[in-house]
Structure formats: C-alpha cells, structure tokens
$ cat coords_26.cif   # mmCIF, C-alpha atoms
data_data
#
loop_
_atom_site.group_PDB
_atom_site.id
_atom_site.type_symbol
_atom_site.label_atom_id
_atom_site.label_comp_id
_atom_site.auth_asym_id
_atom_site.auth_seq_id
_atom_site.Cartn_x
_atom_site.Cartn_y
_atom_site.Cartn_z
ATOM 1 C CA MET A 163 -13.264 27.635 -36.749
ATOM 2 C CA GLY A 164 -13.008 27.976 -40.547
ATOM 3 C CA TRP A 165 -12.232 25.317 -43.123
ATOM 4 C CA ALA A 166 -8.693 26.604 -43.671
ATOM 5 C CA ALA A 167 -7.978 26.398 -39.941
ATOM 6 C CA ARG A 168 -9.310 22.855 -39.736
ATOM 7 C CA THR A 169 -7.169 21.834 -42.697
ATOM 8 C CA GLY A 170 -4.174 23.420 -41.005
ATOM 9 C CA ILE A 171 -4.839 21.427 -37.839
ATOM 10 C CA THR A 172 -4.999 18.260 -39.936
ATOM 11 C CA ALA A 173 -1.607 18.999 -41.454
ATOM 12 C CA ALA A 174 -0.125 19.808 -38.046
ATOM 13 C CA ILE A 175 -1.340 16.582 -36.475
ATOM 14 C CA ALA A 176 -0.034 14.617 -39.459
ATOM 15 C CA ALA A 177 3.351 16.273 -39.011
ATOM 16 C CA LEU A 178 3.397 15.362 -35.322
ATOM 17 C CA GLY A 179 2.563 11.793 -36.283
ATOM 18 C CA ALA A 180 5.682 11.706 -38.429
ATOM 19 C CA PHE A 181 7.770 12.218 -35.263
ATOM 20 C CA ALA A 182 5.739 10.018 -32.901
ATOM 21 C CA ALA A 183 1.844 1.357 -34.141
ATOM 22 C CA GLN A 184 0.125 -0.405 -32.011
ATOM 23 C CA ASP A 185 0.688 -4.184 -32.020
ATOM 24 C CA ALA A 186 -3.028 -4.852 -31.587
ATOM 25 C CA ARG A 187 -5.029 -3.790 -34.623
ATOM 26 C CA ALA A 188 -7.823 -1.297 -34.465
ATOM 27 C CA ALA A 189 -11.540 -1.806 -34.936
ATOM 28 C CA ASN A 190 -11.336 -0.997 -38.644
ATOM 29 C CA GLY A 191 -10.827 -4.614 -39.640
ATOM 30 C CA ALA A 192 -7.288 -5.469 -40.720
ATOM 31 C CA TYR A 193 -6.357 -1.793 -40.948
ATOM 32 C CA ALA A 194 -4.332 -0.398 -38.068
ATOM 33 C CA VAL A 195 -5.446 3.256 -37.999
ATOM 34 C CA ASP A 196 -8.849 3.578 -36.348
ATOM 35 C CA ALA A 197 -11.650 6.056 -36.972
ATOM 36 C CA ALA A 198 -13.314 7.984 -34.148
ATOM 37 C CA ASP A 199 -16.749 6.459 -34.804
ATOM 38 C CA ILE A 200 -18.356 3.582 -32.990
ATOM 39 C CA SER A 201 -21.379 1.615 -34.133
ATOM 40 C CA GLU A 202 -24.970 1.890 -32.900
ATOM 41 C CA VAL A 203 -25.748 0.578 -29.408
ATOM 42 C CA GLY A 204 -26.944 -3.017 -29.641
ATOM 43 C CA SER A 205 -25.122 -3.749 -32.910
ATOM 44 C CA CYS A 206 -22.350 -6.319 -33.304
ATOM 45 C CA LYS A 207 -19.853 -7.368 -35.950
ATOM 46 C CA VAL A 208 -17.233 -10.029 -36.566
ATOM 47 C CA GLU A 209 -14.037 -8.977 -38.325
ATOM 48 C CA SER A 210 -11.557 -11.619 -39.469
ATOM 49 C CA TRP A 211 -8.488 -11.669 -41.672
ATOM 50 C CA LEU A 212 -5.561 -13.774 -42.860
ATOM 51 C CA SER A 213 -2.153 -12.170 -43.448
ATOM 52 C CA THR A 214 0.924 -13.759 -45.024
ATOM 53 C CA ALA A 215 4.380 -12.198 -45.345
ATOM 54 C CA SER A 216 7.287 -12.550 -47.744
ATOM 55 C CA ASN A 217 9.448 -13.867 -44.862
ATOM 56 C CA THR A 218 6.868 -16.681 -44.176
ATOM 57 C CA ASP A 219 5.363 -14.957 -41.116
ATOM 58 C CA PHE A 220 1.609 -15.514 -40.904
ATOM 59 C CA SER A 221 -1.363 -14.448 -38.816
ATOM 60 C CA ALA A 222 -5.038 -15.398 -38.597
ATOM 61 C CA VAL A 223 -7.279 -13.039 -36.634
ATOM 62 C CA ALA A 224 -10.882 -13.069 -35.407
ATOM 63 C CA ASN A 225 -12.253 -9.919 -33.767
ATOM 64 C CA PRO A 226 -15.884 -10.003 -32.579
ATOM 65 C CA SER A 227 -17.263 -6.779 -31.084
ATOM 66 C CA CYS A 228 -20.530 -5.342 -29.761
ATOM 67 C CA VAL A 229 -21.661 -1.906 -28.594
ATOM 68 C CA VAL A 230 -23.268 -1.737 -25.146
ATOM 69 C CA ASP A 231 -24.485 1.165 -23.017
ATOM 70 C CA PRO A 232 -23.798 0.565 -19.287
ATOM 71 C CA PHE A 233 -23.435 4.338 -18.656
ATOM 72 C CA ARG A 234 -22.409 5.554 -22.138
ATOM 73 C CA PRO A 235 -21.990 3.738 -25.502
ATOM 74 C CA ILE A 236 -18.905 1.504 -25.366
ATOM 75 C CA GLU A 237 -17.639 -0.818 -28.078
ATOM 76 C CA LEU A 238 -16.207 -3.997 -26.558
ATOM 77 C CA SER A 239 -14.058 -6.334 -28.643
ATOM 78 C CA LEU A 240 -12.012 -9.478 -28.065
ATOM 79 C CA GLN A 241 -9.359 -10.041 -30.707
ATOM 80 C CA THR A 242 -7.841 -13.520 -31.014
ATOM 81 C CA ILE A 243 -4.619 -13.851 -33.001
ATOM 82 C CA ARG A 244 -2.940 -17.069 -34.134
ATOM 83 C CA ALA A 245 0.459 -16.110 -35.530
ATOM 84 C CA ARG A 246 3.744 -17.529 -36.791
ATOM 85 C CA SER A 247 6.852 -15.354 -36.415
ATOM 86 C CA ASP A 248 10.380 -16.595 -37.197
ATOM 87 C CA GLY A 249 8.956 -20.125 -37.272
ATOM 88 C CA ASP A 250 7.410 -19.942 -33.790
ATOM 89 C CA TRP A 251 3.633 -20.121 -33.280
ATOM 90 C CA SER A 252 1.654 -18.178 -30.676
ATOM 91 C CA THR A 253 -1.951 -17.460 -29.738
ATOM 92 C CA THR A 254 -2.789 -14.058 -28.316
ATOM 93 C CA VAL A 255 -6.024 -12.623 -26.921
ATOM 94 C CA ALA A 256 -6.494 -8.824 -26.875
ATOM 95 C CA PRO A 257 -9.601 -7.324 -25.199
ATOM 96 C CA LYS A 258 -10.370 -3.661 -25.919
ATOM 97 C CA ALA A 259 -12.950 -1.014 -24.969
ATOM 98 C CA LYS A 260 -13.667 2.105 -27.043
ATOM 99 C CA THR A 261 -15.975 5.087 -26.550
ATOM 100 C CA ASN A 262 -16.726 8.220 -28.559
ATOM 101 C CA PHE A 263 -16.569 11.707 -27.001
ATOM 102 C CA ILE A 264 -17.168 13.969 -30.015
ATOM 103 C CA PRO A 265 -19.243 12.608 -32.928
ATOM 104 C CA THR A 266 -17.692 12.908 -36.367
ATOM 105 C CA GLY A 267 -19.167 15.227 -38.978
ATOM 106 C CA ILE A 268 -18.289 16.788 -42.297
ATOM 107 C CA GLY A 269 -15.828 19.641 -41.816
ATOM 108 C CA ARG A 270 -15.200 19.029 -38.104
ATOM 109 C CA TRP A 271 -13.198 16.714 -35.891
ATOM 110 C CA GLY A 272 -14.616 13.720 -34.066
ATOM 111 C CA LEU A 273 -12.774 12.217 -31.098
ATOM 112 C CA SER A 274 -12.800 8.922 -29.226
ATOM 113 C CA ALA A 275 -10.547 6.840 -26.987
ATOM 114 C CA TYR A 276 -9.838 3.174 -26.485
ATOM 115 C CA GLY A 277 -7.636 1.020 -24.339
ATOM 116 C CA GLY A 278 -6.863 -2.605 -23.677
ATOM 117 C CA GLY A 279 -4.148 -5.214 -23.448
ATOM 118 C CA SER A 280 -2.966 -8.525 -24.828
ATOM 119 C CA PHE A 281 -2.357 -11.891 -23.201
ATOM 120 C CA ASP A 282 -0.710 -15.168 -24.147
ATOM 121 C CA ALA A 283 -3.635 -17.607 -24.490
ATOM 122 C CA ALA A 284 -1.496 -20.601 -23.489
ATOM 123 C CA THR A 285 0.088 -19.185 -20.337
ATOM 124 C CA GLY A 286 -2.184 -16.274 -19.418
ATOM 125 C CA GLU A 287 0.861 -13.993 -19.276
ATOM 126 C CA ALA A 288 0.189 -10.300 -19.904
ATOM 127 C CA LEU A 289 2.084 -9.206 -23.027
ATOM 128 C CA SER A 290 1.129 -5.565 -23.541
ATOM 129 C CA ALA A 291 -1.138 -2.681 -22.592
ATOM 130 C CA PHE A 292 -2.191 0.207 -24.809
ATOM 131 C CA ALA A 293 -4.281 3.365 -24.944
ATOM 132 C CA VAL A 294 -5.083 5.347 -28.107
ATOM 133 C CA ILE A 295 -6.911 8.561 -29.056
ATOM 134 C CA PRO A 296 -8.409 8.326 -32.578
ATOM 135 C CA ALA A 297 -9.505 11.588 -34.264
ATOM 136 C CA THR A 298 -11.425 11.781 -37.542
ATOM 137 C CA LEU A 299 -11.985 14.709 -39.892
ATOM 138 C CA ARG A 300 -14.605 14.085 -42.567
ATOM 139 C CA LEU A 301 -13.769 16.007 -45.745
ATOM 140 C CA SER A 302 -17.039 14.995 -47.449
ATOM 141 C CA GLU A 303 -19.630 12.212 -47.400
ATOM 142 C CA THR A 304 -17.082 9.940 -49.108
ATOM 143 C CA MET A 305 -13.678 11.012 -47.721
ATOM 144 C CA ARG A 306 -12.170 11.149 -44.259
ATOM 145 C CA ILE A 307 -8.791 11.516 -42.535
ATOM 146 C CA ASN A 308 -8.053 9.441 -39.417
ATOM 147 C CA VAL A 309 -5.275 10.371 -36.988
ATOM 148 C CA ASN A 310 -4.236 8.196 -34.020
ATOM 149 C CA GLY A 311 -1.885 8.912 -31.144
ATOM 150 C CA GLY A 312 -1.267 6.782 -28.093
ATOM 151 C CA TRP A 313 0.904 4.710 -25.785
ATOM 152 C CA LEU A 314 2.037 1.079 -25.832
ATOM 153 C CA TRP A 315 3.752 -0.903 -23.094
ATOM 154 C CA ASP A 316 5.503 -3.981 -24.449
ATOM 155 C CA ARG A 317 5.754 -6.029 -21.272
ATOM 156 C CA THR A 318 7.883 -8.746 -22.886
ATOM 157 C CA VAL A 319 10.809 -6.304 -23.068
ATOM 158 C CA ASP A 320 9.441 -3.822 -20.480
ATOM 159 C CA ARG A 321 9.526 -0.867 -22.861
ATOM 160 C CA HIS A 322 7.123 1.986 -23.463
ATOM 161 C CA TYR A 323 6.413 3.411 -26.912
ATOM 162 C CA LEU A 324 4.633 6.410 -28.343
ATOM 163 C CA THR A 325 2.272 5.118 -31.036
ATOM 164 C CA TYR A 326 1.003 7.052 -34.040
ATOM 165 C CA GLY A 327 -0.956 6.632 -37.245
ATOM 166 C CA ILE A 328 -2.543 8.588 -40.053
ATOM 167 C CA GLY A 329 -4.918 7.201 -42.682
ATOM 168 C CA PHE A 330 -7.150 8.306 -45.529
ATOM 169 C CA ASP A 331 -10.405 6.607 -46.601
ATOM 170 C CA TRP A 332 -12.147 7.345 -49.902
ATOM 171 C CA LYS A 333 -15.403 5.683 -50.958
ATOM 172 C CA PHE A 334 -15.014 6.158 -54.707
ATOM 173 C CA THR A 335 -18.046 4.115 -55.803
ATOM 174 C CA ASP A 336 -21.199 2.892 -54.061
ATOM 175 C CA THR A 337 -19.467 -0.400 -53.216
ATOM 176 C CA LEU A 338 -15.697 0.276 -53.244
ATOM 177 C CA GLN A 339 -13.528 2.100 -50.699
ATOM 178 C CA TRP A 340 -9.783 2.772 -50.875
ATOM 179 C CA THR A 341 -7.663 3.139 -47.740
ATOM 180 C CA ILE A 342 -4.038 4.172 -47.310
ATOM 181 C CA GLU A 343 -2.328 4.445 -43.929
ATOM 182 C CA ALA A 344 1.039 4.853 -42.229
ATOM 183 C CA TYR A 345 1.619 4.035 -38.577
ATOM 184 C CA GLY A 346 4.305 3.003 -36.150
ATOM 185 C CA GLN A 347 5.789 3.206 -32.680
ATOM 186 C CA ALA A 348 8.543 5.519 -31.485
ATOM 187 C CA GLY A 349 11.008 4.462 -28.800
ATOM 188 C CA ALA A 350 14.131 2.430 -28.139
ATOM 189 C CA SER A 351 14.683 -0.952 -29.802
ATOM 190 C CA GLU A 352 17.659 -3.105 -30.753
ATOM 191 C CA ILE A 353 15.769 -4.097 -33.922
ATOM 192 C CA ALA A 354 15.561 -1.096 -36.259
ATOM 193 C CA SER A 355 12.413 -2.236 -38.088
ATOM 194 C CA ILE A 356 10.408 -2.239 -34.829
ATOM 195 C CA VAL A 357 10.505 1.559 -34.708
ATOM 196 C CA GLN A 358 10.463 2.184 -38.470
ATOM 197 C CA PRO A 359 7.192 3.381 -40.080
ATOM 198 C CA ARG A 360 4.687 0.770 -41.241
ATOM 199 C CA PHE A 361 2.401 1.057 -44.264
ATOM 200 C CA GLN A 362 -0.796 -0.468 -45.654
ATOM 201 C CA THR A 363 -3.088 0.235 -48.588
ATOM 202 C CA GLY A 364 -6.087 -1.701 -49.786
ATOM 203 C CA VAL A 365 -9.563 -1.775 -51.287
ATOM 204 C CA ARG A 366 -12.777 -2.716 -49.492
ATOM 205 C CA TYR A 367 -15.717 -4.163 -51.430
ATOM 206 C CA ARG A 368 -18.985 -3.653 -49.543
ATOM 207 C CA PRO A 369 -21.982 -4.743 -51.642
ATOM 208 C CA ASN A 370 -24.470 -4.238 -48.792
ATOM 209 C CA GLU A 371 -24.746 -3.101 -45.165
ATOM 210 C CA ILE A 372 -23.974 -6.561 -43.771
ATOM 211 C CA PHE A 373 -20.827 -7.824 -45.496
ATOM 212 C CA SER A 374 -17.534 -6.462 -46.781
ATOM 213 C CA VAL A 375 -14.206 -7.903 -47.947
ATOM 214 C CA ASP A 376 -10.763 -6.264 -47.958
ATOM 215 C CA VAL A 377 -7.661 -6.926 -50.059
ATOM 216 C CA ILE A 378 -4.623 -5.175 -48.564
ATOM 217 C CA TYR A 379 -0.922 -4.810 -49.289
ATOM 218 C CA GLY A 380 1.303 -3.979 -46.311
ATOM 219 C CA ARG A 381 4.947 -3.277 -45.557
ATOM 220 C CA ASN A 382 6.631 -3.944 -42.188
ATOM 221 C CA ILE A 383 3.189 -4.192 -40.571
ATOM 222 C CA THR A 384 4.440 -5.982 -37.438
ATOM 223 C CA GLY A 385 7.914 -4.449 -37.421
ATOM 224 C CA GLU A 386 9.549 -7.394 -39.208
ATOM 225 C CA ASN A 387 10.677 -5.629 -42.451
ATOM 226 C CA ALA A 388 8.637 -7.796 -44.835
ATOM 227 C CA ASN A 389 5.888 -7.401 -47.427
ATOM 228 C CA TRP A 390 2.385 -8.598 -46.536
ATOM 229 C CA ILE A 391 -0.837 -9.563 -48.316
ATOM 230 C CA THR A 392 -4.028 -9.583 -46.234
ATOM 231 C CA ILE A 393 -7.524 -10.825 -47.044
ATOM 232 C CA GLY A 394 -10.179 -9.734 -44.563
ATOM 233 C CA THR A 395 -13.930 -9.895 -44.105
ATOM 234 C CA THR A 396 -16.471 -8.155 -41.875
ATOM 235 C CA VAL A 397 -19.945 -9.453 -41.063
ATOM 236 C CA ARG A 398 -22.220 -6.931 -39.339
ATOM 237 C CA PHE A 399 -25.278 -7.541 -37.166
ATOM 238 C CA PRO A 400 -27.181 -4.235 -37.011
ATOM 239 C CA VAL A 401 -29.931 -3.435 -34.545
ATOM 240 C CA HIS A 402 -33.205 -4.911 -35.747
ATOM 241 C CA GLY A 403 -35.311 -2.294 -37.491
ATOM 242 C CA SER A 404 -32.606 0.381 -37.507
ATOM 243 C CA GLU A 405 -31.705 2.383 -40.589
ATOM 244 C CA PRO A 406 -28.509 1.519 -42.504
ATOM 245 C CA GLU A 407 -25.457 3.294 -41.129
ATOM 246 C CA HIS A 408 -24.940 5.641 -44.078
ATOM 247 C CA ARG A 409 -28.573 6.827 -43.838
ATOM 248 C CA ARG A 410 -28.241 7.528 -40.101
ATOM 249 C CA THR A 411 -24.932 9.347 -40.375
ATOM 250 C CA GLY A 412 -24.964 10.737 -43.908
ATOM 251 C CA HIS A 413 -21.443 9.519 -44.670
ATOM 252 C CA LEU A 414 -19.236 6.419 -45.012
#
$ encode --input "coords_26.cif" --output "structure tokens"
Amino acid sequence: MGWAARTGITAAIAALGAFAAQDARAANGAYAVDAADISEVGSCKVESWLSTASNTDFSAVANPSCVVDPFRPIELSLQTIRARSDGDWSTTVAPKAKTNFIPTGIGRWGLSAYGGGSFDAATGEALSAFAVIPATLRLSETMRINVNGGWLWDRTVDRHYLTYGIGFDWKFTDTLQWTIEAYGQAGASEIASIVQPRFQTGVRYRPNEIFSVDVIYGRNITGENANWITIGTTVRFPVHGSEPEHRRTGHL
C-alpha cells in the first residue's frame, strides 16, 4: 500500500470519527486518545494528574501500570480517580488491560485493543464497561496520528455509546512534545454536552527517559461544558539494562 493510500485511510478514519469519549482516560497520561503502542515487558510507570474546571469541577488521578507477559505482552493498569462534580465528591477505580496486535512503524498503521470497567470505590458498584481499538500511523520519527474507536456502557443510566477520538503528537524539540486531540461519545442523552465533542491540547516536557510533565488545556472533557486546566506527570520504571525507548523503536 502506497503513502497516498495510507494518507487517504487516515483521512477516512478521521471522518468516521467525526460521526462516531471514553469516561476513563487512556494510557497516554491525562490525554484521552491512546496510541497503539505498549511499553516493554517488565516495565512500569505511574501517571498522575490534577484537573480543575471553570465550573469548579475537579479531579485527581493516579494511574499505575505494568507490562506483563502471561501468554502475550499485556499492559495492566489501575486508575484511581477522586473527583468533584456539581459539588458532589466520588472515588472511582478503573482497571484496564491493553495488548498490541500490529506494532507501529513509520508509514504504516499499528493496532491494539484494550478493555476494562469502572467501579465506585465506596460501594463497589459497577459504573461502566468499555472496549477500545487504538490505531496509530507514524508520519515520521517525531509525528504520529492516533485514532480510537470503541464502545462504552454507562451502567448508571443503562446506556450504550459509540466512542471515538483522533489525536496528533509532534515532538518538536528533543524535550518538548505538542498534542492536540478531539474525542467524544455518540448516543442518546438528555444533557447535550455529554454527546458533544471534547477537546484537549497541551505540551509535554520530557527531559529524560524517566520523567515527564504535561500542561494541558481542555474543553468539555467530561461532558460538562466547561474549560479545564490539567497538570500531569509520568514517572517511568524501565527494565533494568534495557535501551531507552526511542533507541529501541526509532521514534517518539
């Protein structure tokens, strides 16, 4: 398949996304649109972020994850969310498992899948279930397009949604990366903002292979029709003696 055809597929998938967000964030830190990659088997990381909205909503998130290989490489994560919405506080736990089927590479698509659910930490009540297919097309060693499509069951209102997302990452210096993404969920809702598109853009500063920090602006990121500012960090624990990720893969 030629470059023009691949670019055409990218545009087509993006167009489909416009007609088709998951409540639980992806494994790309505070960003919602996930890439198809997973980390090296045996490696771990801890992502965390604080988000505050113009309507006084707030969330604090910790998301530890590790990659294991019981029969194939699987990234397991356990996201814990402490949030305030309309003045009410809640604590949610969201386990997730992700695996890669087609490795990413420059000029070709990579593909993975993940699924999981969320639970009320106080009552143990199941709140949602989700499954997502992330696809990534690397345009170069420093640019990539991520496309997500999936399903979400919101058990609290017993409704099913088609979820979608498209994002662009550009590593424009050795230490700085810019991300822009749009995502959402399509379906029936009495609250219009729940099914309206959501948006985030931010810059990641990564001075080394271990640590990075994100500063992100978002709009309607939980379907509440507000503006958000998010500060996030990631601490990585690579496999002892392994090469840095960009040397193993040749790209960001």
$ closest_residue --input "coords_26.cif" --among "A:Ile372, A:Ala197, A:Ile243, A:Val230" --to "Ser210 of chain A" --atoms "only C-alpha atoms"
A:Ile243
$ resolve_selection --input "coords_26.cif" --expression "the PyMOL selection byres ((chain A and resi 369) around 6)" --output "MDAnalysis selection string"
chainID A and resid 337 368 370
$ residues_around --input "coords_26.cif" --residues "Leu338 of chain A" --least-positions-apart "5" --cutoff "8 Å" --atoms "only C-alpha atoms" --output "MDAnalysis selection string"
chainID A and resid 333 365:368
$ resolve_selection --input "coords_26.cif" --expression "the PyMOL selection byres ((chain A and resi 287-301) around 7)" --output "ChimeraX atom specification"
/A:196-198,266-282,285-286,302,305-318
$ axis_aligned_box --input "coords_26.cif" --around "segment 322-333 of chain A" --padding-each-side "5 Å" --output "AutoDock Vina command-line options"
--center_x -4.1 --center_y 5.3 --center_z -37.2 --size_x 32.5 --size_y 16.6 --size_z 37.5
$ resolve_selection --input "coords_26.cif" --expression "the PyMOL selection byres ((chain A and resi 399) around 6)" --output "list in words"
Ser205, Cys206, Lys207, Arg398 and Pro400 of chain A
$ residues_around --input "coords_26.cif" --residues "Ile393 of chain A" --least-positions-apart "4" --cutoff "7 Å" --atoms "only C-alpha atoms" --output "ChimeraX atom specification"
/A:211-213,376-378
$ atom_distance --input "coords_26.cif" --atom1 "atom CA of Arg360 of chain A" --atom2 "atom CA of Glu237 of chain A"
26.0 Å
$ atom_distance --input "coords_26.cif" --atom1 "atom CA of Ser201 of chain A" --atom2 "atom CA of Ala222 of chain A"
24.0 Å
$ residues_near_point --input "coords_26.cif" --point "(8.3, -15.6, -41.3)" --cutoff "10 Å" --atoms "all atoms listed in the file" --output "list in words"
Thr214, Ala215, Ser216, Asn217, Thr218, Asp219, Phe220, Ala245, Arg246, Ser247, Asp248, Gly249, Asp250, Glu386 and Ala388 of chain A
$ write_last_selection --input "coords_26.cif" --atoms "C-alpha atoms" --output "PDB file, in the frame of the given file"
ATOM      1  CA  THR A 214       0.924 -13.759 -45.024  1.00  0.00           C
ATOM      2  CA  ALA A 215       4.380 -12.198 -45.345  1.00  0.00           C
ATOM      3  CA  SER A 216       7.287 -12.550 -47.744  1.00  0.00           C
ATOM      4  CA  ASN A 217       9.448 -13.867 -44.862  1.00  0.00           C
ATOM      5  CA  THR A 218       6.868 -16.681 -44.176  1.00  0.00           C
ATOM      6  CA  ASP A 219       5.363 -14.957 -41.116  1.00  0.00           C
ATOM      7  CA  PHE A 220       1.609 -15.514 -40.904  1.00  0.00           C
ATOM      8  CA  ALA A 245       0.459 -16.110 -35.530  1.00  0.00           C
ATOM      9  CA  ARG A 246       3.744 -17.529 -36.791  1.00  0.00           C
ATOM     10  CA  SER A 247       6.852 -15.354 -36.415  1.00  0.00           C
ATOM     11  CA  ASP A 248      10.380 -16.595 -37.197  1.00  0.00           C
ATOM     12  CA  GLY A 249       8.956 -20.125 -37.272  1.00  0.00           C
ATOM     13  CA  ASP A 250       7.410 -19.942 -33.790  1.00  0.00           C
ATOM     14  CA  GLU A 386       9.549  -7.394 -39.208  1.00  0.00           C
ATOM     15  CA  ALA A 388       8.637  -7.796 -44.835  1.00  0.00           C
TER      16      ALA A 388
END
$ atom_distance --input "coords_26.cif" --atom1 "atom CA of Gly346 of chain A" --atom2 "atom CA of Phe361 of chain A"
8.6 Å
$ closest_residue --input "coords_26.cif" --among "A:Ala283, A:Ala224, A:Leu414, A:Val208" --to "Phe334 of chain A" --atoms "only C-alpha atoms"
A:Leu414
